[in-house]
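The file structure.txt comes next; it holds compact mmCIF, C-alpha atoms.
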# COMPACT_ATOMS: atom_id res chain seq x y z
CA MET A 664 12.55 28.14 -10.88
CA GLY A 665 15.65 26.13 -11.78
CA VAL A 666 15.73 22.42 -12.47
CA LEU A 667 17.56 21.72 -9.19
CA ASN A 668 14.95 23.68 -7.22
CA LEU A 669 12.10 21.83 -8.95
CA HIS A 670 13.83 18.55 -8.19
CA PHE A 671 14.05 19.47 -4.51
CA VAL A 672 10.46 20.77 -4.32
CA PHE A 673 8.98 17.61 -5.87
CA GLY A 674 11.11 15.57 -3.46
CA LEU A 675 9.76 17.50 -0.46
CA PHE A 676 6.15 17.02 -1.56
CA GLY A 677 6.93 13.36 -2.22
CA ASN A 678 8.27 13.03 1.33
CA ALA A 679 5.16 14.65 2.83
CA THR A 680 2.67 12.48 0.91
CA ALA A 681 4.71 9.31 1.48
CA LEU A 682 4.82 10.00 5.23
CA PHE A 683 1.02 10.26 5.24
CA LEU A 684 0.78 6.87 3.51
CA PHE A 685 3.21 5.30 5.98
CA LEU A 686 1.18 6.60 8.94
CA ALA A 687 -2.25 5.75 7.48
CA PRO A 688 -2.30 2.16 8.89
CA MET A 689 -2.09 3.54 12.45
CA ILE A 690 -5.89 3.36 12.62
CA THR A 691 -5.76 -0.35 11.81
CA PHE A 692 -3.08 -1.02 14.41
CA LYS A 693 -4.98 0.90 17.08
CA ARG A 694 -7.81 -1.60 16.50
CA ILE A 695 -5.37 -4.50 16.72
CA ILE A 696 -3.86 -3.24 19.99
CA LYS A 697 -7.26 -2.46 21.47
CA SER A 698 -8.70 -5.87 20.62
CA LYS A 699 -5.38 -7.68 21.32
CA SER A 700 -5.95 -9.59 18.10
CA THR A 701 -4.93 -9.20 14.45
CA LEU A 702 -8.60 -9.80 13.55
CA GLN A 703 -8.80 -10.57 9.81
CA PHE A 704 -5.88 -8.33 8.82
CA SER A 705 -2.79 -9.63 7.05
CA GLY A 706 0.76 -8.71 8.05
CA VAL A 707 2.23 -9.50 4.62
CA PRO A 708 1.73 -6.00 3.10
CA TYR A 709 3.72 -4.42 5.94
CA VAL A 710 6.61 -6.85 5.46
CA LEU A 711 6.62 -6.07 1.72
CA THR A 712 6.47 -2.35 2.49
CA MET A 713 9.54 -2.77 4.67
CA LEU A 714 11.44 -4.51 1.86
CA ASN A 715 10.44 -1.78 -0.59
CA CYS A 716 11.60 0.95 1.81
CA LEU A 717 14.91 -0.81 2.55
CA LEU A 718 15.77 -1.19 -1.14
CA SER A 719 14.69 2.36 -2.00
CA ALA A 720 16.60 3.82 0.96
CA TRP A 721 19.72 1.94 -0.16
CA TYR A 722 19.31 3.24 -3.71
CA GLY A 723 19.08 6.80 -2.37
CA MET A 724 22.42 6.60 -0.54
CA PRO A 725 25.05 9.00 -1.97
CA PHE A 726 27.52 6.21 -2.79
CA VAL A 727 24.84 4.38 -4.80
CA SER A 728 23.11 7.27 -6.61
CA LYS A 729 23.83 10.99 -6.43
CA ASP A 730 21.43 13.74 -5.29
CA ASN A 731 18.80 11.32 -3.96
CA ILE A 732 19.11 11.97 -0.24
CA LEU A 733 15.36 12.75 -0.08
CA VAL A 734 14.67 9.27 -1.42
CA ALA A 735 16.93 7.77 1.24
CA SER A 736 15.52 9.80 4.12
CA ILE A 737 11.80 9.13 3.60
CA ASN A 738 12.36 5.44 2.92
CA ALA A 739 14.54 5.13 6.03
CA ALA A 740 11.62 6.58 7.99
CA GLY A 741 9.25 4.22 6.20
CA THR A 742 11.45 1.25 7.13
CA VAL A 743 11.26 2.14 10.83
CA ILE A 744 7.48 2.69 10.72
CA ALA A 745 6.88 -0.56 8.80
CA PHE A 746 9.10 -2.48 11.26
CA VAL A 747 7.01 -1.18 14.18
CA TYR A 748 3.82 -2.32 12.41
CA VAL A 749 5.29 -5.77 11.80
CA MET A 750 6.37 -6.13 15.43
CA VAL A 751 2.92 -5.13 16.71
CA PHE A 752 1.36 -7.63 14.29
CA VAL A 753 3.70 -10.39 15.47
CA ILE A 754 2.85 -9.71 19.14
CA TYR A 755 -0.90 -10.16 18.60
CA ALA A 756 -0.91 -12.71 15.74
CA PRO A 757 -1.85 -16.39 16.24
CA ARG A 758 1.11 -18.76 16.47
CA LYS A 759 0.86 -19.98 12.86
CA GLU A 760 0.58 -16.46 11.44
CA LYS A 761 3.37 -15.26 13.73
CA ALA A 762 5.73 -17.91 12.35
CA LYS A 763 4.77 -16.97 8.80
CA ILE A 764 5.47 -13.25 9.31
CA LEU A 765 8.76 -13.89 11.11
CA GLY A 766 9.80 -16.17 8.24
CA LEU A 767 8.98 -13.45 5.71
CA LEU A 768 10.85 -10.91 7.83
CA ALA A 769 13.94 -13.13 7.79
CA LEU A 770 13.60 -13.42 4.00
CA VAL A 771 13.38 -9.61 3.68
CA PHE A 772 16.59 -9.12 5.66
CA SER A 773 18.28 -11.84 3.61
CA ILE A 774 17.31 -10.19 0.30
CA PHE A 775 18.39 -6.77 1.51
CA SER A 776 21.70 -8.09 2.89
CA THR A 777 22.41 -9.79 -0.44
CA VAL A 778 21.71 -6.58 -2.38
CA VAL A 779 23.98 -4.58 -0.06
CA PHE A 780 26.79 -7.17 -0.18
CA VAL A 781 26.72 -7.55 -3.98
CA SER A 782 26.46 -3.82 -4.69
CA LEU A 783 29.25 -2.94 -2.24
CA PHE A 784 31.79 -5.66 -3.01
CA GLY A 785 30.88 -6.89 -6.47
CA LEU A 786 29.84 -3.74 -8.32
CA HIS A 787 31.07 -0.19 -8.75
CA THR A 788 29.71 3.23 -9.77
CA ASN A 789 27.10 2.94 -12.55
CA SER A 790 26.67 -0.86 -12.35
CA ARG A 791 26.01 -0.52 -8.61
CA LYS A 792 23.34 2.10 -9.31
CA ILE A 793 21.68 -0.05 -12.00
CA PHE A 794 21.66 -3.17 -9.82
CA SER A 795 20.28 -1.41 -6.72
CA GLY A 796 17.85 0.74 -8.71
CA SER A 797 16.44 -2.24 -10.60
CA GLY A 798 15.66 -4.08 -7.37
CA ALA A 799 14.03 -1.02 -5.83
CA ALA A 800 12.00 -0.30 -9.00
CA VAL A 801 10.66 -3.85 -9.31
CA CYS A 802 9.65 -3.88 -5.64
CA SER A 803 7.95 -0.48 -6.00
CA ILE A 804 5.95 -1.65 -9.03
CA ILE A 805 4.79 -4.72 -7.08
CA MET A 806 3.73 -2.46 -4.18
CA TYR A 807 1.79 -0.15 -6.47
CA ALA A 808 0.10 -3.15 -8.12
CA SER A 809 -1.12 -4.54 -4.78
CA PRO A 810 -4.44 -2.55 -4.82
CA LEU A 811 -5.44 -4.24 -8.10
CA SER A 812 -7.42 -6.87 -6.17
CA VAL A 813 -9.27 -4.09 -4.34
CA MET A 814 -10.02 -2.35 -7.65
CA ARG A 815 -11.36 -5.61 -9.03
CA SER A 816 -13.59 -5.94 -5.96
CA VAL A 817 -14.88 -2.38 -6.46
CA ILE A 818 -15.86 -3.17 -10.06
CA LYS A 819 -17.46 -6.48 -9.06
CA THR A 820 -19.42 -5.20 -6.04
CA LYS A 821 -19.88 -1.62 -7.28
CA SER A 822 -18.90 -0.47 -3.80
CA VAL A 823 -15.95 1.70 -2.70
CA GLU A 824 -16.24 0.65 0.95
CA TYR A 825 -12.75 -0.89 1.00
CA MET A 826 -11.09 1.76 -1.17
CA PRO A 827 -11.04 4.96 0.94
CA PHE A 828 -10.93 8.18 -1.06
CA PHE A 829 -8.14 9.94 0.85
CA LEU A 830 -5.90 6.87 0.75
CA SER A 831 -6.37 6.62 -3.03
CA LEU A 832 -5.84 10.38 -3.40
CA PHE A 833 -2.61 10.47 -1.43
CA MET A 834 -1.30 7.39 -3.22
CA PHE A 835 -1.89 9.23 -6.50
CA LEU A 836 -0.27 12.44 -5.19
CA CYS A 837 2.71 10.54 -3.77
CA ALA A 838 3.32 8.64 -7.01
CA THR A 839 2.91 11.83 -9.06
CA CYS A 840 5.40 13.79 -6.95
CA TRP A 841 8.03 11.05 -7.16
CA PHE A 842 7.35 10.57 -10.88
CA LEU A 843 8.04 14.27 -11.48
CA TYR A 844 11.04 14.11 -9.14
CA GLY A 845 12.49 11.26 -11.21
CA LEU A 846 11.60 12.96 -14.48
CA VAL A 847 13.28 16.25 -13.58
CA GLY A 848 16.31 14.52 -12.07
CA LYS A 849 16.51 12.01 -14.95
CA GLU A 850 16.19 9.11 -12.52
CA LEU A 851 14.57 6.26 -14.46
CA PHE A 852 14.52 3.99 -11.41
CA VAL A 853 12.34 6.56 -9.65
CA SER A 854 10.21 7.85 -12.53
CA ILE A 855 9.25 4.49 -14.10
CA PRO A 856 7.72 2.73 -11.04
CA ASN A 857 6.08 5.94 -9.85
CA GLY A 858 4.73 6.65 -13.33
CA PHE A 859 3.09 3.23 -13.11
CA GLY A 860 1.78 4.11 -9.64
CA CYS A 861 0.47 7.45 -10.91
CA ALA A 862 -1.51 5.72 -13.69
CA LEU A 863 -3.00 3.23 -11.23
CA GLY A 864 -3.85 6.12 -8.90
CA VAL A 865 -5.81 7.79 -11.68
CA VAL A 866 -7.74 4.55 -12.29
CA GLN A 867 -8.53 4.25 -8.57
CA LEU A 868 -9.87 7.80 -8.42
CA ILE A 869 -11.97 7.23 -11.55
CA LEU A 870 -13.43 4.08 -9.98
CA TYR A 871 -14.13 5.94 -6.75
CA PHE A 872 -16.10 8.71 -8.47
CA ALA A 873 -17.87 6.18 -10.70
CA TYR A 874 -19.16 4.07 -7.79
CA ARG A 875 -19.22 6.40 -4.76
CA ASN A 876 -22.95 7.12 -5.11
CA HIS A 877 -23.91 3.62 -6.18
CA LYS A 878 -26.86 2.24 -4.26
CA ASP A 879 -27.75 -1.39 -3.89
CA ALA A 880 -30.78 -2.74 -5.68
CA PRO A 881 -34.05 -1.92 -3.92
CA MET A 882 -34.98 -4.42 -1.22
CA LYS A 883 -38.34 -5.90 -0.51
CA LEU A 884 -39.52 -8.01 2.39
CA ILE A 885 -41.26 -11.33 1.92
CA ASP A 886 -43.22 -12.88 4.76
CA VAL A 887 -42.59 -16.56 5.21
CA GLU A 888 -44.65 -18.71 7.58
CA MET A 889 -42.55 -20.93 9.83
CA THR A 890 -43.46 -23.72 12.19
CA GLU A 891 -45.24 -22.85 15.40
CA ASP A 892 -46.71 -19.76 13.69
CA LYS A 893 -43.50 -17.75 14.13
CA PRO A 894 -42.97 -15.74 10.97
CA ILE A 895 -39.61 -14.43 9.86
CA LYS A 896 -38.83 -12.09 7.03
CA ILE A 897 -36.49 -12.80 4.16
CA GLU A 898 -34.78 -9.87 2.53
CA SER A 899 -34.51 -10.05 -1.24
CA ASN A 900 -33.75 -7.72 -4.11
CA LYS A 901 -36.02 -6.80 -6.99
CA ASN A 902 -34.97 -9.90 -8.93
CA GLY A 903 -36.08 -12.15 -6.11
CA THR A 904 -32.59 -13.14 -5.02
CA ILE A 905 -32.43 -13.81 -1.28
CA ILE A 906 -30.12 -11.40 0.51
CA GLY A 907 -30.57 -12.54 4.10
CA LEU A 908 -32.86 -13.02 7.06
CA VAL A 909 -34.31 -10.13 9.04

Encoded form using structure tokens:
Amino acid sequence: MGVLNLHFVFGLFGNATALFLFLAPMITFKRIIKSKSTLQFSGVPYVLTMLNCLLSAWYGMPFVSKDNILVASINAAGTVIAFVYVMVFVIYAPRKEKAKILGLLALVFSIFSTVVFVSLFGLHTNSRKIFSGSGAAVCSIIMYASPLSVMRSVIKTKSVEYMPFFLSLFMFLCATCWFLYGLVGKELFVSIPNGFGCALGVVQLILYFAYRNHKDAPMKLIDVEMTEDKPIKIESNKNGTIIGLV
């Protein structure tokens, strides 16, 4: 298989896995719509996702970088999907949170407009590619680094409850496909951030398999006499630390 064919194949697989990641939050937004509340969810990640997709889609345009139409197409789709998520969040968010997200959305459009204006009217050919690619790469690295807090929580609590396996798996597969796509096509602005994402994906999967069968410390029940002869039970672990009331 030729280099061009490999480049195209990795791009197709990258598109497929990225589309899965873009659609994964639909479960969350079904809950938001059903409850008519944003619950405890944050809208910030979806605004940042939108910025990442806008910058990456711009980088993939033929007049910015050659032979990256697959980068442009999937990120254009991601932009639309992320915008829908943000709008749903804004509809059901409390007034204070709504103002915050709309402010961030305005900032995203301002940043993107600035990148487009500077790259179109102030830069040409290779300098345009470097400027646009650098912005997209930095934003991608920040996006891939966002699960670090979740990984820290997994290590601290020894629980993978908030790090779903399939989400971690597809993040790893997506980053790997785009890393190989950038490597074969000699696109540093694609390979570097996705190589970083691939490494983090490996760490997430290792953490998942390390803690997936972890069980909490054995519990024991202690009877405590209360006033009016109404006993309750306090749940504690083997070290005697109180866990909660039963």

Query raised in the report: Neighbours of Asn738 of chain A within 7 Å (all atoms listed in the file; same-chain residues fewer than 6 positions away dropped), as a PyMOL selection string?
Result: chain A and resi 716-717+719-720

For the interface of segment 679-776 of chain A with segment 832-851 of chain A (cut-off 10 Å, counting only C-alpha atoms), please tabulate each contacting residue of segment 679-776 of chain A alongside its nearest pair of atoms and their separation in Å to one decimal, rows sorted by chain and increasing number, as JSON lines.
{"residue": "A:Ala679", "atom": "CA", "partner": "A:Cys837", "partner_atom": "CA", "distance": 8.2}
{"residue": "A:Thr680", "atom": "CA", "partner": "A:Cys837", "partner_atom": "CA", "distance": 5.1}
{"residue": "A:Ala681", "atom": "CA", "partner": "A:Cys837", "partner_atom": "CA", "distance": 5.8}
{"residue": "A:Leu682", "atom": "CA", "partner": "A:Cys837", "partner_atom": "CA", "distance": 9.3}
{"residue": "A:Phe683", "atom": "CA", "partner": "A:Phe833", "partner_atom": "CA", "distance": 7.6}
{"residue": "A:Leu684", "atom": "CA", "partner": "A:Phe833", "partner_atom": "CA", "distance": 7.0}
{"residue": "A:Ser728", "atom": "CA", "partner": "A:Glu850", "partner_atom": "CA", "distance": 9.3}
{"residue": "A:Lys729", "atom": "CA", "partner": "A:Glu850", "partner_atom": "CA", "distance": 9.9}
{"residue": "A:Asp730", "atom": "CA", "partner": "A:Gly848", "partner_atom": "CA", "distance": 8.5}
{"residue": "A:Asn731", "atom": "CA", "partner": "A:Gly848", "partner_atom": "CA", "distance": 9.1}
{"residue": "A:Val734", "atom": "CA", "partner": "A:Trp841", "partner_atom": "CA", "distance": 9.0}

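Shortest atom-to-atom contact with Arg791 of chain A among A:Val866, A:Ile855, A:Ala740, A:Val778: A:Val778, counting all atoms listed in the file.
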
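Checking A:Ile695, A:Ala862, A:Val779, A:Ile737 one by one against Leu675 of chain A, counting only C-alpha atoms, you find the shortest gap at A:Ile737.
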
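Rounded to one decimal, atom CA of Gly677 of chain A and atom CA of Ser782 of chain A lie 26.1 Å from each other.
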
Padded axis-aligned box of segment 671-683 of chain A (8 Å per side), centre and edge lengths, Å, one decimal, as lines of an AutoDock Vina configuration file:
center_x = 7.5
center_y = 15.0
center_z = -0.3
size_x = 29.0
size_y = 27.5
size_z = 27.1

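With atom CA of Ile696 of chain A on one side and atom CA of Tyr825 of chain A on the other, the separation reads 21.1 Å.
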
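Coordinates place atom CA of Val747 of chain A at a distance of 14.4 Å from atom CA of Thr701 of chain A.
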
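Among the candidate residues A:Ser803, A:Ser816, A:Thr691, A:Asn678, the one lying nearest to Ala735 of chain A is A:Asn678, with distances computed using all atoms listed in the file.
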
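You can rank A:Lys693, A:Lys792, A:Arg815, A:Lys763 by their closest distance to Val751 of chain A using all atoms listed in the file, and at the top of that list sits A:Lys693.
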
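Restricting the calculation to all atoms listed in the file, the smallest distance between Tyr807 of chain A and any of A:Leu770, A:Thr712, A:Glu824, A:Ala762 is found for A:Thr712.
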
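Taking only C-alpha atoms into account, Leu767 of chain A lies nearest to A:Val749 out of the set A:Leu830, A:Ala873, A:Val749, A:Leu669.
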